[in-house]
Amino acid sequence: MSELVARTGRHQQRYEAGRRLVAGCIPYKYTTSCVDVDVDGSPKKVVQVLMISSTSGPGLLFPKGGWENDETVEEAALREALEEAGVRGDIMQFIGFYHFKSKTLKDEFSPEGLCKAAMYALLVKEELDSWPEQSTRQRSWLTIPEAVESCRHPWMREALEEGFMKWHGDHMIATSESEENRTGHLMQPRNGFD
């Protein structure tokens, strides 16, 4: 049993222009591939993202939930990652706002269930053995193609494909260029043809 407790209720929920404000993240980590190797023969670094089971049906989700008025949007994203997925880490980048319509979360301030989600890339530093929603959620580490295939909601797939993957690709290029500048060594082209 977790000593941490998930927040519940809507009394502190933020709204903007009839939309419930939501904060979430795409938790990720790096592993090394035993099969794929870089040009220099070293194991390739593979990014995996963490998804959680839905409490209301099939498919997988990224941690997200209501942004409350006593916290920043980043604090809300970190809290949701802890409550729903049992992970802690560092927010690396804001990846975008995504609009969606909730079928289950309608109230007097958002009668149509309209939501606006702020999504972040979260580099996972710690996976907890016990967390508030572990009895209702399973967590799964997936490759990007597996995650794209498993996404329950189109807006989350968009956040992954057009937000996280673009940022991550740009981040890896910048990291490679920084390494080249630091060491004075040219990095090998990724496809071997350039």
# chains A, B, ... in the order shown; residues from 1 in each chain; ligands from 1

$ residues_around --residues "A:Leu142" --least-positions-apart "4" --cutoff "12 Å" --atoms "only C-alpha atoms" --output "compact mmCIF listing (two decimals) with N, CA, C and O atoms, in the first residue's frame"
# COMPACT_ATOMS: atom_id res chain seq x y z
N ILE A 26 4.72 12.74 -21.00
CA ILE A 26 5.15 11.51 -21.65
C ILE A 26 6.45 11.11 -20.94
O ILE A 26 7.51 11.68 -21.20
N PRO A 27 6.34 10.17 -19.98
CA PRO A 27 7.54 9.72 -19.26
C PRO A 27 8.41 8.88 -20.20
O PRO A 27 7.90 8.07 -20.95
N TYR A 28 9.73 9.09 -20.14
CA TYR A 28 10.61 8.32 -21.00
C TYR A 28 11.92 8.00 -20.29
O TYR A 28 12.27 8.61 -19.29
N LYS A 29 12.60 6.99 -20.85
CA LYS A 29 13.93 6.61 -20.37
C LYS A 29 14.70 6.04 -21.55
O LYS A 29 14.13 5.79 -22.62
N TYR A 30 15.99 5.83 -21.34
CA TYR A 30 16.83 5.24 -22.38
C TYR A 30 17.27 3.84 -21.95
O TYR A 30 17.58 3.61 -20.78
N THR A 31 17.28 2.95 -22.91
CA THR A 31 17.85 1.62 -22.72
C THR A 31 18.84 1.39 -23.86
O THR A 31 18.87 2.16 -24.82
N VAL A 46 18.14 3.40 -27.08
CA VAL A 46 16.74 3.31 -27.50
C VAL A 46 15.88 4.04 -26.48
O VAL A 46 16.05 3.85 -25.28
N VAL A 47 14.98 4.88 -26.97
CA VAL A 47 14.06 5.57 -26.07
C VAL A 47 12.81 4.71 -25.88
O VAL A 47 12.31 4.11 -26.83
N GLN A 48 12.37 4.62 -24.65
CA GLN A 48 11.11 3.94 -24.32
C GLN A 48 10.24 4.94 -23.57
O GLN A 48 10.73 5.78 -22.82
N VAL A 49 8.92 4.84 -23.80
CA VAL A 49 7.97 5.70 -23.10
C VAL A 49 7.11 4.84 -22.19
O VAL A 49 6.86 3.67 -22.47
N LEU A 50 6.67 5.44 -21.10
CA LEU A 50 5.85 4.74 -20.12
C LEU A 50 4.39 5.08 -20.35
O LEU A 50 4.02 6.25 -20.40
N MET A 51 3.58 4.05 -20.49
CA MET A 51 2.14 4.23 -20.63
C MET A 51 1.45 3.46 -19.52
O MET A 51 2.02 2.52 -18.95
N ILE A 52 0.22 3.89 -19.21
CA ILE A 52 -0.54 3.26 -18.14
C ILE A 52 -1.89 2.78 -18.68
O ILE A 52 -2.40 3.31 -19.67
N LEU A 60 -3.95 2.17 -23.91
CA LEU A 60 -3.03 2.75 -22.94
C LEU A 60 -3.01 4.27 -23.05
O LEU A 60 -3.33 4.84 -24.09
N LEU A 61 -2.61 4.90 -21.94
CA LEU A 61 -2.60 6.36 -21.82
C LEU A 61 -1.27 6.84 -21.27
O LEU A 61 -0.51 6.07 -20.69
N PHE A 62 -1.05 8.14 -21.41
CA PHE A 62 0.03 8.80 -20.68
C PHE A 62 -0.58 9.43 -19.43
O PHE A 62 -1.76 9.79 -19.44
N GLU A 146 5.48 0.92 -30.65
CA GLU A 146 4.51 0.20 -29.81
C GLU A 146 3.55 1.18 -29.15
O GLU A 146 2.34 0.93 -29.07
N ALA A 147 4.08 2.30 -28.67
CA ALA A 147 3.24 3.31 -28.00
C ALA A 147 2.25 3.94 -28.98
O ALA A 147 1.09 4.13 -28.64
N VAL A 148 2.71 4.25 -30.17
CA VAL A 148 1.82 4.82 -31.19
C VAL A 148 0.66 3.86 -31.44
O VAL A 148 -0.50 4.26 -31.51
N GLU A 149 0.97 2.60 -31.56
CA GLU A 149 -0.04 1.57 -31.82
C GLU A 149 -1.00 1.39 -30.63
O GLU A 149 -2.17 1.09 -30.81
N SER A 150 -0.51 1.60 -29.42
CA SER A 150 -1.29 1.32 -28.20
C SER A 150 -2.10 2.50 -27.68
O SER A 150 -2.93 2.32 -26.79
N CYS A 151 -1.84 3.70 -28.18
CA CYS A 151 -2.51 4.91 -27.68
C CYS A 151 -4.02 4.80 -27.80
O CYS A 151 -4.55 4.57 -28.88

$ select_by_dssp --residues "stretch 23-183 of chain A" --states "strand (DSSP E or B)" --output "PyMOL selection string"
chain A and resi 23-37+43-53+60-61+64-66+68+87-101+107+110+114-127+139-143+151

$ residues_around --residues "A:Phe100" --least-positions-apart "6" --cutoff "8 Å" --atoms "only C-alpha atoms" --output "PyMOL selection string"
chain A and resi 114-117+155

$ write_last_selection --atoms "N, CA and C atoms" --output "mmCIF file, in the first residue's frame"
data_model
loop_
_atom_site.group_PDB
_atom_site.id
_atom_site.type_symbol
_atom_site.label_atom_id
_atom_site.label_comp_id
_atom_site.auth_asym_id
_atom_site.auth_seq_id
_atom_site.Cartn_x
_atom_site.Cartn_y
_atom_site.Cartn_z
ATOM 1 N N LEU A 114 -15.096 19.721 -22.636
ATOM 2 C CA LEU A 114 -13.928 20.194 -23.379
ATOM 3 C C LEU A 114 -12.734 20.351 -22.444
ATOM 4 N N CYS A 115 -11.567 19.934 -22.933
ATOM 5 C CA CYS A 115 -10.342 19.986 -22.131
ATOM 6 C C CYS A 115 -9.187 20.533 -22.957
ATOM 7 N N LYS A 116 -8.239 21.153 -22.266
ATOM 8 C CA LYS A 116 -7.000 21.643 -22.873
ATOM 9 C C LYS A 116 -5.860 21.080 -22.035
ATOM 10 N N ALA A 117 -5.050 20.229 -22.652
ATOM 11 C CA ALA A 117 -3.966 19.550 -21.933
ATOM 12 C C ALA A 117 -2.614 20.154 -22.283
ATOM 13 N N TRP A 155 -5.570 12.293 -29.513
ATOM 14 C CA TRP A 155 -4.805 13.472 -29.108
ATOM 15 C C TRP A 155 -3.508 13.078 -28.412
#

$ residues_around --residues "A:Gly66" --least-positions-apart "3" --cutoff "10 Å" --atoms "only C-alpha atoms" --output "MDAnalysis selection string"
chainID A and resid 7:10 12:15 20:24 69 73 76:77 80 115:117

$ select_by_dssp --residues "stretch 33-189 of chain A" --states "helix (DSSP H, G or I)" --output "NGL selection string"
:A and (73-85 or 144-150 or 154-183)

$ atom_distance --atom1 "atom CA of A:Arg79" --atom2 "atom CA of A:Ala118"
13.5 Å

$ closest_residue --among "A:Thr55, A:Phe94, A:Glu83, A:Pro63" --to "A:Trp167" --atoms "only C-alpha atoms"
A:Phe94

$ residues_around --residues "A:Thr32" --least-positions-apart "4" --cutoff "8 Å" --atoms "only C-alpha atoms" --output "count of residues only"
4

$ residues_around --residues "stretch 120-137 of chain A" --least-positions-apart "2" --cutoff "6 Å" --atoms "only C-alpha atoms" --output "number ranges by chain"
A: 2, 4-6, 25-29, 53, 83-84, 86-95
